[in-house]
file entry-v5.cif (mmCIF, C-alpha atoms)
data_my_file
#
loop_
_atom_site.label_atom_id
_atom_site.label_comp_id
_atom_site.auth_asym_id
_atom_site.auth_seq_id
_atom_site.Cartn_x
_atom_site.Cartn_y
_atom_site.Cartn_z
CA MET A 1 -34.49 12.35 -37.95
CA THR A 2 -34.00 8.73 -39.03
CA GLN A 3 -31.13 9.79 -41.32
CA ASP A 4 -29.23 11.56 -38.56
CA LYS A 5 -25.99 10.18 -37.15
CA PHE A 6 -25.64 8.45 -33.79
CA ASP A 7 -24.33 11.51 -31.94
CA THR A 8 -27.28 13.60 -33.10
CA LEU A 9 -29.86 10.95 -32.28
CA ARG A 10 -28.57 10.37 -28.75
CA ILE A 11 -29.40 14.00 -27.94
CA HIS A 12 -32.49 14.75 -30.04
CA ALA A 13 -34.30 11.56 -31.13
CA GLY A 14 -37.87 11.08 -29.96
CA TYR A 15 -38.38 14.58 -28.59
CA LYS A 16 -40.22 17.60 -30.00
CA PRO A 17 -39.79 20.73 -27.85
CA GLU A 18 -42.75 22.42 -29.55
CA GLU A 19 -45.03 19.73 -28.10
CA ASN A 20 -43.65 20.30 -24.58
CA GLN A 21 -43.79 24.07 -24.00
CA PHE A 22 -40.49 24.33 -25.90
CA ALA A 23 -38.61 22.90 -22.91
CA SER A 24 -34.98 22.34 -23.86
CA SER A 25 -34.75 19.25 -21.65
CA VAL A 26 -37.28 16.42 -21.73
CA PRO A 27 -39.84 17.25 -19.00
CA ILE A 28 -40.38 14.79 -16.16
CA TYR A 29 -44.06 13.87 -16.22
CA GLN A 30 -44.24 12.73 -12.62
CA THR A 31 -47.86 11.71 -12.57
CA ALA A 32 -49.76 8.46 -12.22
CA ALA A 33 -52.53 9.33 -14.69
CA PHE A 34 -53.62 11.76 -17.40
CA GLY A 35 -56.93 13.51 -18.11
CA LEU A 36 -59.10 12.00 -20.82
CA SER A 37 -60.78 15.27 -21.95
CA ASN A 38 -64.21 13.82 -22.80
CA THR A 39 -65.83 10.45 -23.42
CA GLU A 40 -65.22 10.51 -27.18
CA VAL A 41 -61.53 11.29 -26.77
CA ALA A 42 -61.29 8.77 -23.92
CA ASN A 43 -62.59 6.01 -26.16
CA GLN A 44 -60.01 6.88 -28.79
CA ILE A 45 -57.13 7.00 -26.30
CA VAL A 46 -58.02 3.66 -24.75
CA ALA A 47 -58.37 2.14 -28.24
CA GLY A 48 -54.93 3.43 -29.21
CA GLN A 49 -56.34 5.83 -31.80
CA GLN A 50 -54.75 8.96 -30.30
CA PRO A 51 -50.97 8.65 -30.72
CA GLY A 52 -49.13 10.79 -28.22
CA ARG A 53 -51.95 10.74 -25.66
CA PHE A 54 -51.62 8.80 -22.43
CA ASP A 55 -54.07 7.63 -19.78
CA TYR A 56 -52.08 5.83 -17.07
CA SER A 57 -48.33 5.70 -16.45
CA ARG A 58 -48.29 1.92 -16.16
CA ASP A 59 -49.37 1.81 -19.81
CA GLY A 60 -47.17 4.68 -20.98
CA ASN A 61 -45.64 7.95 -19.86
CA PRO A 62 -44.42 10.88 -22.04
CA THR A 63 -40.96 11.04 -20.44
CA VAL A 64 -40.43 7.30 -20.74
CA HIS A 65 -41.81 7.36 -24.28
CA VAL A 66 -39.13 9.83 -25.42
CA TYR A 67 -36.47 7.57 -23.94
CA GLU A 68 -37.90 4.52 -25.72
CA GLN A 69 -38.04 6.30 -29.06
CA ARG A 70 -34.50 7.59 -28.63
CA ILE A 71 -33.14 4.10 -27.98
CA ALA A 72 -35.10 2.61 -30.88
CA ALA A 73 -33.57 5.24 -33.17
CA LEU A 74 -30.05 4.59 -31.90
CA GLU A 75 -30.46 0.83 -32.37
CA GLY A 76 -32.17 1.01 -35.73
CA GLY A 77 -35.18 -0.81 -34.29
CA ILE A 78 -38.89 -0.46 -34.88
CA ASP A 79 -39.70 0.28 -31.22
CA ALA A 80 -38.44 -0.16 -27.67
CA VAL A 81 -39.99 -0.72 -24.26
CA ALA A 82 -38.31 0.54 -21.10
CA VAL A 83 -38.75 -1.43 -17.86
CA GLY A 84 -37.59 -1.30 -14.27
CA SER A 85 -34.37 -3.34 -14.58
CA GLY A 86 -32.24 -5.39 -16.93
CA MET A 87 -33.48 -8.63 -15.40
CA SER A 88 -37.04 -7.54 -16.10
CA ALA A 89 -36.13 -6.89 -19.74
CA ILE A 90 -34.61 -10.37 -20.05
CA SER A 91 -37.56 -12.01 -18.29
CA PHE A 92 -40.20 -10.30 -20.41
CA ALA A 93 -38.37 -11.09 -23.64
CA ILE A 94 -38.02 -14.78 -22.77
CA PHE A 95 -41.61 -15.14 -21.58
CA ASN A 96 -42.92 -13.32 -24.66
CA VAL A 97 -41.09 -15.52 -27.15
CA ALA A 98 -41.73 -18.85 -25.37
CA GLU A 99 -45.04 -18.29 -23.63
CA GLY A 100 -46.89 -21.56 -23.29
CA GLY A 101 -43.71 -23.61 -23.20
CA GLY A 102 -40.74 -24.40 -25.37
CA ARG A 103 -36.97 -24.50 -25.45
CA ILE A 104 -34.31 -21.81 -25.77
CA ILE A 105 -30.62 -22.27 -26.55
CA ALA A 106 -28.18 -20.22 -24.47
CA PRO A 107 -24.50 -20.27 -23.46
CA THR A 108 -23.39 -20.89 -19.89
CA ASN A 109 -20.88 -18.02 -19.76
CA ILE A 110 -23.46 -15.35 -18.95
CA TYR A 111 -24.37 -13.11 -16.04
CA GLY A 112 -25.04 -15.04 -12.83
CA SER A 113 -28.64 -13.97 -12.26
CA THR A 114 -29.50 -14.65 -15.90
CA LEU A 115 -28.12 -18.18 -15.73
CA ASP A 116 -29.87 -18.75 -12.40
CA GLU A 117 -33.16 -17.65 -13.94
CA PHE A 118 -32.64 -19.83 -16.99
CA ARG A 119 -31.67 -22.91 -14.95
CA ASN A 120 -34.06 -22.70 -12.01
CA PHE A 121 -36.91 -20.30 -12.69
CA PHE A 122 -38.17 -20.57 -16.26
CA PRO A 123 -38.39 -24.40 -16.27
CA LYS A 124 -41.12 -24.10 -13.62
CA TYR A 125 -43.18 -22.35 -16.31
CA GLY A 126 -42.53 -24.90 -19.04
CA ILE A 127 -39.67 -22.95 -20.65
CA ASN A 128 -36.53 -25.07 -20.71
CA PHE A 129 -33.01 -24.24 -21.80
CA ASP A 130 -30.44 -26.16 -23.79
CA PHE A 131 -27.02 -24.85 -22.77
CA VAL A 132 -23.78 -24.70 -24.70
CA ASP A 133 -20.43 -24.07 -23.07
CA GLU A 134 -19.02 -22.35 -26.15
CA VAL A 135 -21.19 -19.56 -27.55
CA ASN A 136 -19.73 -19.95 -31.05
CA ASP A 137 -19.95 -23.75 -31.23
CA PHE A 138 -22.22 -23.56 -34.26
CA ASP A 139 -22.47 -27.31 -34.92
CA ARG A 140 -23.52 -27.93 -31.32
CA ILE A 141 -26.10 -25.17 -31.48
CA LYS A 142 -27.56 -26.54 -34.71
CA SER A 143 -27.80 -30.00 -33.15
CA LEU A 144 -29.80 -28.63 -30.22
CA ILE A 145 -32.53 -27.06 -32.33
CA GLN A 146 -35.80 -28.98 -31.99
CA ASP A 147 -39.36 -28.46 -33.14
CA ASP A 148 -40.19 -26.62 -29.93
CA THR A 149 -37.05 -24.45 -29.86
CA LYS A 150 -38.24 -20.84 -29.72
CA ALA A 151 -35.04 -18.73 -29.76
CA ILE A 152 -31.28 -18.49 -29.39
CA TYR A 153 -30.13 -16.17 -26.59
CA VAL A 154 -26.59 -14.78 -26.21
CA GLU A 155 -24.63 -11.95 -24.64
CA SER A 156 -22.79 -9.98 -27.32
CA VAL A 157 -19.87 -9.64 -24.89
CA ALA A 158 -19.91 -12.18 -22.08
CA ASN A 159 -19.90 -11.21 -18.41
CA PRO A 160 -17.13 -11.22 -17.21
CA SER A 161 -14.90 -13.07 -19.71
CA THR A 162 -15.63 -10.57 -22.55
CA GLU A 163 -15.90 -13.46 -25.01
CA ILE A 164 -17.53 -12.19 -28.21
CA ALA A 165 -20.55 -13.86 -29.79
CA ASP A 166 -20.49 -14.16 -33.58
CA ILE A 167 -23.90 -12.54 -33.97
CA GLU A 168 -24.09 -12.71 -37.76
CA THR A 169 -23.49 -16.47 -37.88
CA LEU A 170 -25.80 -17.12 -34.94
CA ALA A 171 -28.54 -15.04 -36.58
CA THR A 172 -28.21 -17.07 -39.78
CA ILE A 173 -28.54 -20.33 -37.83
CA ALA A 174 -31.56 -19.00 -35.96
CA HIS A 175 -33.34 -17.76 -39.08
CA GLU A 176 -32.74 -21.00 -40.96
CA ALA A 177 -34.63 -22.68 -38.12
CA GLY A 178 -37.40 -20.07 -38.15
CA ILE A 179 -36.52 -18.68 -34.71
CA PRO A 180 -35.25 -15.29 -33.51
CA LEU A 181 -31.87 -14.35 -32.07
CA ILE A 182 -32.07 -12.45 -28.78
CA VAL A 183 -28.94 -10.50 -27.80
CA ASP A 184 -28.08 -8.98 -24.44
CA ASN A 185 -25.97 -6.01 -25.53
CA THR A 186 -25.43 -4.51 -22.08
CA PHE A 187 -21.61 -4.43 -22.11
CA PRO A 188 -21.04 -2.67 -25.48
CA THR A 189 -24.14 -0.40 -25.55
CA PRO A 190 -25.43 0.73 -28.96
CA TYR A 191 -22.44 3.07 -29.28
CA LEU A 192 -19.97 0.20 -29.66
CA LEU A 193 -22.28 -2.38 -31.28
CA ARG A 194 -25.68 -2.40 -32.97
CA PRO A 195 -26.68 -6.07 -33.13
CA PHE A 196 -29.52 -5.46 -35.60
CA GLU A 197 -26.94 -4.64 -38.27
CA TYR A 198 -25.78 -8.28 -38.04
CA GLY A 199 -29.21 -9.91 -38.07
CA ALA A 200 -30.28 -9.95 -34.41
CA ASP A 201 -34.03 -9.74 -33.86
CA ILE A 202 -34.44 -8.65 -30.23
CA VAL A 203 -31.94 -6.73 -28.10
CA VAL A 204 -32.16 -6.44 -24.32
CA TYR A 205 -30.25 -4.18 -21.97
CA SER A 206 -29.57 -3.49 -18.38
CA SER A 207 -29.48 0.22 -19.13
CA THR A 208 -28.47 0.68 -15.50
CA LYS A 209 -24.98 0.11 -16.87
CA GLY A 210 -23.19 1.85 -19.76
CA ILE A 211 -26.23 3.50 -21.35
CA ASN A 212 -26.87 5.45 -18.15
CA GLY A 213 -23.23 5.50 -17.11
CA HIS A 214 -23.60 7.07 -13.69
CA GLY A 215 -24.83 4.30 -11.39
CA ASN A 216 -27.76 6.37 -10.13
CA THR A 217 -30.83 4.41 -11.20
CA LEU A 218 -32.02 0.97 -12.32
CA SER A 219 -33.50 0.49 -15.79
CA GLY A 220 -33.89 -2.07 -18.55
CA LEU A 221 -34.81 -2.14 -22.23
CA VAL A 222 -36.31 -4.47 -24.81
CA VAL A 223 -35.73 -3.34 -28.41
CA ASP A 224 -37.36 -4.91 -31.48
CA HIS A 225 -35.71 -4.96 -34.91
CA GLY A 226 -39.11 -5.37 -36.53
CA GLN A 227 -37.81 -7.84 -39.15
CA PHE A 228 -38.89 -11.21 -37.74
CA ASP A 229 -42.03 -12.94 -39.06
CA TRP A 230 -44.15 -13.97 -36.06
CA SER A 231 -46.93 -15.45 -38.22
CA SER A 232 -45.30 -18.82 -38.97
CA GLY A 233 -47.47 -20.71 -36.49
CA LYS A 234 -44.50 -21.50 -34.26
CA PHE A 235 -45.51 -18.61 -31.99
CA PRO A 236 -49.31 -18.87 -31.57
CA GLN A 237 -49.38 -16.14 -28.92
CA PHE A 238 -48.92 -13.60 -31.71
CA THR A 239 -51.60 -14.93 -34.05
CA GLU A 240 -54.36 -15.92 -31.64
CA GLU A 241 -57.23 -13.49 -31.19
CA GLU A 242 -56.73 -11.01 -28.38
CA PHE A 243 -59.91 -9.54 -26.89
CA ASN A 244 -58.38 -6.18 -25.99
CA LEU A 245 -57.20 -5.59 -29.54
CA GLY A 246 -60.61 -5.94 -31.16
CA ASP A 247 -63.96 -4.24 -30.80
CA GLU A 248 -66.64 -6.43 -29.28
CA GLU A 249 -69.46 -4.09 -30.20
CA GLN A 250 -68.45 -3.98 -33.86
CA GLY A 251 -67.50 -7.64 -34.06
CA ILE A 252 -63.85 -6.87 -34.89
CA HIS A 253 -61.33 -9.53 -33.91
CA GLU A 254 -57.57 -8.98 -33.95
CA SER A 255 -54.34 -10.73 -32.99
CA PHE A 256 -51.10 -8.97 -32.22
CA TYR A 257 -49.80 -9.95 -35.64
CA SER A 258 -52.91 -8.94 -37.58
CA LYS A 259 -52.99 -5.56 -35.85
CA PHE A 260 -49.30 -4.71 -35.54
CA GLY A 261 -47.52 -6.90 -38.09
CA ALA A 262 -43.76 -6.57 -37.74
CA ALA A 263 -44.19 -4.80 -34.38
CA ALA A 264 -46.16 -7.68 -32.84
CA PHE A 265 -43.39 -8.69 -30.43
CA ILE A 266 -42.71 -5.30 -28.88
CA LYS A 267 -46.38 -4.32 -28.75
CA ARG A 268 -47.10 -7.52 -26.89
CA ILE A 269 -44.30 -6.78 -24.42
CA ARG A 270 -45.91 -3.44 -23.65
CA MET A 271 -49.55 -4.46 -23.65
CA LYS A 272 -49.28 -7.82 -21.91
CA TYR A 273 -46.16 -7.90 -19.76
CA VAL A 274 -45.60 -4.29 -18.74
CA ARG A 275 -49.30 -3.50 -18.45
CA LEU A 276 -50.21 -6.68 -16.57
CA LEU A 277 -47.05 -7.59 -14.66
CA GLY A 278 -45.72 -4.10 -14.01
CA SER A 279 -41.98 -3.44 -13.66
CA VAL A 280 -42.63 0.01 -15.06
CA LEU A 281 -39.78 2.48 -15.48
CA GLY A 282 -40.56 5.73 -13.72
CA PRO A 283 -40.25 9.12 -15.48
CA ILE A 284 -37.48 10.35 -13.15
CA ASP A 285 -35.48 7.21 -13.86
CA ALA A 286 -35.98 7.66 -17.60
CA TYR A 287 -34.80 11.27 -17.27
CA PHE A 288 -31.62 10.19 -15.45
CA VAL A 289 -30.82 7.60 -18.11
CA MET A 290 -31.36 10.13 -20.90
CA LEU A 291 -28.94 12.53 -19.20
CA GLY A 292 -26.31 9.79 -19.23
CA LEU A 293 -27.14 8.87 -22.79
CA GLU A 294 -26.28 12.38 -23.96
CA THR A 295 -22.59 11.76 -23.17
CA ILE A 296 -22.34 8.07 -24.10
CA SER A 297 -19.92 8.53 -27.01
CA GLU A 298 -17.41 10.60 -25.05
CA ARG A 299 -17.67 8.35 -22.02
CA LEU A 300 -17.20 5.08 -23.86
CA THR A 301 -14.39 6.40 -26.04
CA LYS A 302 -12.35 7.32 -22.97
CA GLN A 303 -13.34 4.21 -21.03
CA VAL A 304 -12.36 1.87 -23.85
CA ALA A 305 -8.94 3.54 -24.14
CA SER A 306 -8.40 3.30 -20.38
CA THR A 307 -9.60 -0.32 -20.23
CA THR A 308 -7.21 -1.31 -23.01
CA ALA A 309 -4.29 0.37 -21.21
CA ILE A 310 -5.18 -1.32 -17.92
CA ALA A 311 -5.54 -4.73 -19.60
CA LYS A 312 -2.04 -4.37 -21.05
CA PHE A 313 -0.66 -3.25 -17.67
CA LEU A 314 -2.19 -6.25 -15.91
CA ALA A 315 -0.98 -8.67 -18.59
CA ALA A 316 2.59 -7.60 -17.79
CA ASN A 317 2.20 -7.69 -13.98
CA GLU A 318 4.02 -10.49 -12.15
CA HIS A 319 1.09 -11.09 -9.79
CA VAL A 320 -1.46 -11.66 -12.56
CA GLU A 321 -1.96 -15.14 -13.99
CA ARG A 322 -4.12 -14.18 -16.96
CA VAL A 323 -6.14 -11.25 -18.32
CA TYR A 324 -9.58 -11.70 -19.92
CA TYR A 325 -10.23 -8.82 -22.29
CA SER A 326 -10.94 -9.63 -25.91
CA GLY A 327 -10.04 -6.07 -26.85
CA ILE A 328 -6.31 -6.94 -26.65
CA GLU A 329 -6.59 -10.24 -28.52
CA ALA A 330 -4.77 -9.29 -31.73
CA ASP A 331 -5.60 -12.60 -33.41
CA ASN A 332 -9.34 -12.52 -32.68
CA PRO A 333 -11.15 -11.81 -36.01
CA LEU A 334 -14.39 -10.96 -34.19
CA VAL A 335 -12.87 -7.85 -32.60
CA PRO A 336 -12.36 -5.79 -35.79
CA LYS A 337 -15.55 -7.17 -37.31
CA TYR A 338 -17.90 -6.22 -34.49
CA PHE A 339 -15.94 -3.76 -32.37
CA PRO A 340 -13.86 -1.31 -34.42
CA LYS A 341 -14.44 1.28 -31.67
CA GLY A 342 -13.52 -1.12 -28.85
CA VAL A 343 -15.06 -3.94 -26.86
CA GLY A 344 -16.09 -1.98 -23.78
CA SER A 345 -15.10 -0.85 -20.31
CA VAL A 346 -15.13 -4.18 -18.47
CA LEU A 347 -12.30 -6.69 -18.08
CA SER A 348 -11.38 -9.48 -15.71
CA PHE A 349 -8.15 -11.09 -14.62
CA GLU A 350 -6.98 -14.04 -12.57
CA LEU A 351 -4.81 -13.15 -9.61
CA LYS A 352 -2.07 -15.48 -8.46
CA GLY A 353 -2.07 -16.74 -4.87
CA ASP A 354 -5.32 -17.44 -3.04
CA GLU A 355 -8.39 -15.66 -1.73
CA LYS A 356 -6.33 -13.96 0.98
CA ASN A 357 -4.53 -12.12 -1.81
CA ILE A 358 -7.89 -11.26 -3.38
CA ALA A 359 -9.09 -9.80 -0.09
CA LYS A 360 -5.90 -7.78 0.36
CA LEU A 361 -6.09 -6.43 -3.19
CA ILE A 362 -9.70 -5.31 -2.79
CA GLY A 363 -8.95 -3.91 0.65
CA ASN A 364 -6.04 -1.80 -0.57
CA VAL A 365 -7.42 -0.07 -3.64
CA LYS A 366 -8.07 3.64 -3.06
CA ILE A 367 -9.79 4.79 -6.25
CA PHE A 368 -11.63 1.63 -7.31
CA SER A 369 -14.90 1.09 -5.43
CA TYR A 370 -15.89 -2.41 -4.30
CA ILE A 371 -19.32 -2.32 -5.94
CA PRO A 372 -21.18 -5.05 -7.94
CA ASN A 373 -22.07 -2.87 -10.91
CA ILE A 374 -20.52 -1.97 -14.27
CA GLY A 375 -20.59 0.95 -16.68
CA ASP A 376 -20.30 3.61 -13.99
CA ALA A 377 -18.36 6.87 -14.34
CA LYS A 378 -16.46 5.59 -11.30
CA SER A 379 -14.10 2.63 -11.57
CA LEU A 380 -15.34 -0.50 -9.82
CA ILE A 381 -13.80 -3.75 -8.62
CA VAL A 382 -15.49 -6.98 -7.61
CA ASN A 383 -14.80 -10.70 -7.10
CA PRO A 384 -17.55 -12.31 -9.24
CA THR A 385 -17.75 -15.81 -7.75
CA ARG A 386 -18.53 -14.30 -4.36
CA THR A 387 -20.87 -11.60 -5.64
CA THR A 388 -22.31 -11.17 -9.14
CA HIS A 389 -21.90 -14.81 -10.22
CA ARG A 390 -22.42 -16.60 -6.91
CA GLU A 391 -25.50 -18.39 -8.30
CA ILE A 392 -23.40 -20.32 -10.82
CA PRO A 393 -22.43 -23.88 -9.75
CA ALA A 394 -18.71 -24.67 -9.53
CA GLU A 395 -19.01 -27.20 -12.37
CA ILE A 396 -20.09 -24.47 -14.79
CA ARG A 397 -17.68 -21.87 -13.43
CA GLN A 398 -14.72 -24.20 -13.98
CA LYS A 399 -15.60 -24.52 -17.67
CA HIS A 400 -15.05 -20.80 -18.08
CA ALA A 401 -12.00 -20.30 -15.86
CA MET A 402 -14.33 -18.62 -13.37
CA ASN A 403 -12.54 -19.49 -10.16
CA ASN A 404 -12.29 -17.61 -6.86
CA GLN A 405 -9.14 -15.82 -8.05
CA ILE A 406 -10.98 -13.90 -10.76
CA ILE A 407 -11.37 -10.14 -10.34
CA ARG A 408 -13.66 -8.03 -12.56
CA LEU A 409 -12.96 -4.37 -13.20
CA SER A 410 -15.30 -1.76 -14.64
CA ILE A 411 -13.23 1.19 -15.78
CA GLY A 412 -14.58 4.67 -15.23
CA LEU A 413 -13.58 8.19 -16.21
CA GLU A 414 -10.75 8.86 -13.76
CA ASP A 415 -7.24 9.69 -14.95
CA ILE A 416 -5.64 6.57 -16.42
CA ASP A 417 -2.33 7.13 -14.62
CA ASP A 418 -4.16 7.30 -11.30
CA LEU A 419 -6.06 4.09 -12.03
CA ILE A 420 -2.94 2.16 -13.02
CA GLY A 421 -1.09 3.58 -10.03
CA ASP A 422 -3.90 2.47 -7.72
CA LEU A 423 -3.85 -1.07 -9.09
CA ASP A 424 -0.07 -1.19 -8.99
CA GLN A 425 0.18 -0.27 -5.31
CA ALA A 426 -2.74 -2.55 -4.35
CA LEU A 427 -1.21 -5.51 -6.22
CA ALA A 428 2.08 -4.95 -4.43
CA LYS A 429 0.39 -4.82 -1.01
CA ALA A 430 -1.65 -7.91 -1.83
CA PHE A 431 1.58 -9.93 -1.99
CA GLU A 432 3.60 -8.34 0.83
#

call {"tool": "encode", "arguments": {"input": "entry-v5.cif", "output": "structure tokens"}}
result
Amino acid sequence: MTQDKFDTLRIHAGYKPEENQFASSVPIYQTAAFGLSNTEVANQIVAGQQPGRFDYSRDGNPTVHVYEQRIAALEGGIDAVAVGSGMSAISFAIFNVAEGGGRIIAPTNIYGSTLDEFRNFFPKYGINFDFVDEVNDFDRIKSLIQDDTKAIYVESVANPSTEIADIETLATIAHEAGIPLIVDNTFPTPYLLRPFEYGADIVVYSSTKGINGHGNTLSGLVVDHGQFDWSSGKFPQFTEEEFNLGDEEQGIHESFYSKFGAAAFIKRIRMKYVRLLGSVLGPIDAYFVMLGLETISERLTKQVASTTAIAKFLAANEHVERVYYSGIEADNPLVPKYFPKGVGSVLSFELKGDEKNIAKLIGNVKIFSYIPNIGDAKSLIVNPTRTTHREIPAEIRQKHAMNNQIIRLSIGLEDIDDLIGDLDQALAKAFE
């Protein structure tokens, strides 16, 4: 199956019907726990010596497992762990790489809750962030790397400016310093971009968004490339002995690296963070996301085409000051390099006038829904500084043209003429 193409993997990867009563769809194993058969088998299951057997859904569930394996195959990763939300995926990845304290380099033009967490939450646990205002300011990033720097974190496509991170160059900088590159790839999804192909080490998702594509459940993902060496000594949490990995009776002592090697990071996410802190993805939620995943190529292809058309329409509208959509930047070399199939279904634009015009625009759209989400089959509209990015201080917002006149659109699957017509009439009414 590993040699199959993307569109085959999104439908079949990770699932064997013959092991599930030949069910054509992945069954929903809606259960908290699983029988252990007998004491000998129970010992093997608990010790991880019975692949495919489960004991408790907080540790693993067959439905969720298929989803994880499918995503790992689509990404070209060694393994994936599904969690309850995108923020949980980000949190677990950051804690796992910098547990015990350290520094992480990140840009300021990221999702509001992520920046809030980085600025105000992680420092209370000894994990501090060095911020850059320009994600591709490579000299600045190099200058920020210190002995205790544990990772570089970026969004592949920034929310909501759609600025593109030069992943290949950032990965080279990270690896020269002996640290991993963590990429939030929520906007593009693996259909439009596979960060591992450009050297990224860990990918995180809010799979609530484009991977699911229907706005009907929350979910998050951590995916491991399996190429980073965690044994350098810079990350002692992976090389220190872990009681649960060994066998006390036989005097066997193991660390995550000694036991799992290249998979140390993702195994530790599952066995320490998901098992101990929770944020488990339920089987019904995993089933919903897999249903959406089956149509991801068709959805994104249409959504990218519609988003491009809408960006061009807005760029020519007299009431629009500026459009932010890197997909129409003809002189941007990162677009053809990373996004030959398109940048994604999200764009933003600055409306002329003031917030009264913003309110009138939002109040007059008929097809667009005023909802703080992205990647839905339905088209959505939101004013980020008052909703999704309200946690970001004005000083930082101003550096990224993130003022109160910015509108973010997530383009769905409706007819493109209807969407443009809806925006056209709402823009006109906003300035009556």

call {"tool": "residues_around", "arguments": {"input": "entry-v5.cif", "residues": "A:Tyr324", "least_positions_apart": "5", "cutoff": "12 Å", "atoms": "all atoms listed in the file", "output": "ChimeraX atom specification"}}
result
/A:157-164,307-308,310-312,314-315,329,343,346-351,400-402,406-409

call {"tool": "closest_residue", "arguments": {"input": "entry-v5.cif", "among": "A:Ile396, A:Leu413, A:Ala430, A:Ala98", "to": "A:Gly353", "atoms": "all atoms listed in the file"}}
result
A:Ala430

call {"tool": "resolve_selection", "arguments": {"input": "entry-v5.cif", "expression": "the PyMOL selection byres ((chain A and resi 262) around 8)", "output": "list of chain:residue names"}}
result
A:Gly226, A:Gln227, A:Phe228, A:Asp229, A:Trp230, A:Tyr257, A:Phe260, A:Gly261, A:Ala263, A:Ala264, A:Phe265

call {"tool": "resolve_selection", "arguments": {"input": "entry-v5.cif", "expression": "the PyMOL selection byres ((chain A and resi 428) around 10)", "output": "ChimeraX atom specification"}}
result
/A:317-319,360-361,364,423-427,429-432

call {"tool": "residues_around", "arguments": {"input": "entry-v5.cif", "residues": "A:Ile362", "least_positions_apart": "5", "cutoff": "8 Å", "atoms": "only C-alpha atoms", "output": "list in words"}}
result
Tyr370, Ile381, Val382 and Ala426 of chain A

call {"tool": "resolve_selection", "arguments": {"input": "entry-v5.cif", "expression": "the PyMOL selection byres ((chain A and resi 209) around 8)", "output": "PyMOL selection string"}}
result
chain A and resi 186-187+206-208+210-215+373-376

call {"tool": "write_last_selection", "arguments": {"input": "entry-v5.cif", "atoms": "C-alpha atoms", "output": "PDB file, in the coordinates of the input"}}
result
ATOM      1  CA  THR A 186     -25.430  -4.510 -22.080  1.00  0.00           C
ATOM      2  CA  PHE A 187     -21.610  -4.430 -22.110  1.00  0.00           C
ATOM      3  CA  SER A 206     -29.570  -3.490 -18.380  1.00  0.00           C
ATOM      4  CA  SER A 207     -29.480   0.220 -19.130  1.00  0.00           C
ATOM      5  CA  THR A 208     -28.470   0.680 -15.500  1.00  0.00           C
ATOM      6  CA  GLY A 210     -23.190   1.850 -19.760  1.00  0.00           C
ATOM      7  CA  ILE A 211     -26.230   3.500 -21.350  1.00  0.00           C
ATOM      8  CA  ASN A 212     -26.870   5.450 -18.150  1.00  0.00           C
ATOM      9  CA  GLY A 213     -23.230   5.500 -17.110  1.00  0.00           C
ATOM     10  CA  HIS A 214     -23.600   7.070 -13.690  1.00  0.00           C
ATOM     11  CA  GLY A 215     -24.830   4.300 -11.390  1.00  0.00           C
ATOM     12  CA  ASN A 373     -22.070  -2.870 -10.910  1.00  0.00           C
ATOM     13  CA  ILE A 374     -20.520  -1.970 -14.270  1.00  0.00           C
ATOM     14  CA  GLY A 375     -20.590   0.950 -16.680  1.00  0.00           C
ATOM     15  CA  ASP A 376     -20.300   3.610 -13.990  1.00  0.00           C
TER      16      ASP A 376
END

call {"tool": "closest_residue", "arguments": {"input": "entry-v5.cif", "among": "A:Asn383, A:Asp137, A:Tyr273, A:Asp7", "to": "A:Asp59", "atoms": "all atoms listed in the file"}}
result
A:Tyr273

call {"tool": "atom_distance", "arguments": {"input": "entry-v5.cif", "atom1": "atom CA of A:Lys399", "atom2": "atom CA of A:Thr385"}}
result
13.4 Å

call {"tool": "closest_residue", "arguments": {"input": "entry-v5.cif", "among": "A:Gln405, A:Ser379, A:Ser25, A:Ser57", "to": "A:Ile358", "atoms": "only C-alpha atoms"}}
result
A:Gln405

call {"tool": "residues_around", "arguments": {"input": "entry-v5.cif", "residues": "A:Glu294", "least_positions_apart": "5", "cutoff": "12 Å", "atoms": "all atoms listed in the file", "output": "list in words"}}
result
Phe6, Asp7, Thr8, Leu9, Arg10, Ile11, His12, Ala13, Ser25, Val26, Tyr67, Arg70, Ile71, Leu74, Tyr191, Gly210, Ile211, Asn212, Gly213, His214, Tyr287, Phe288, Val289, Arg299 and Leu300 of chain A

call {"tool": "atom_distance", "arguments": {"input": "entry-v5.cif", "atom1": "atom CA of A:Gly178", "atom2": "atom CA of A:Ser232"}}
result
8.0 Å

call {"tool": "atom_distance", "arguments": {"input": "entry-v5.cif", "atom1": "atom CA of A:Gly102", "atom2": "atom CA of A:Glu241"}}
result
20.6 Å

call {"tool": "residues_around", "arguments": {"input": "entry-v5.cif", "residues": "stretch 199-202 of chain A", "least_positions_apart": "6", "cutoff": "9 Å", "atoms": "only C-alpha atoms", "output": "PyMOL selection string"}}
result
chain A and resi 77+93+167-172+175+180-184+222-228+265

call {"tool": "residues_around", "arguments": {"input": "entry-v5.cif", "residues": "A:Phe118", "least_positions_apart": "4", "cutoff": "7 Å", "atoms": "all atoms listed in the file", "output": "list in words"}}
result
Thr114, Phe122 and Phe129 of chain A

call {"tool": "write_last_selection", "arguments": {"input": "entry-v5.cif", "atoms": "C-alpha atoms", "output": "mmCIF file, keeping the file's coordinate frame"}}
result
data_model
loop_
_atom_site.group_PDB
_atom_site.id
_atom_site.type_symbol
_atom_site.label_atom_id
_atom_site.label_comp_id
_atom_site.auth_asym_id
_atom_site.auth_seq_id
_atom_site.Cartn_x
_atom_site.Cartn_y
_atom_site.Cartn_z
ATOM 1 C CA THR A 114 -29.500 -14.650 -15.900
ATOM 2 C CA PHE A 122 -38.170 -20.570 -16.260
ATOM 3 C CA PHE A 129 -33.010 -24.240 -21.800
#
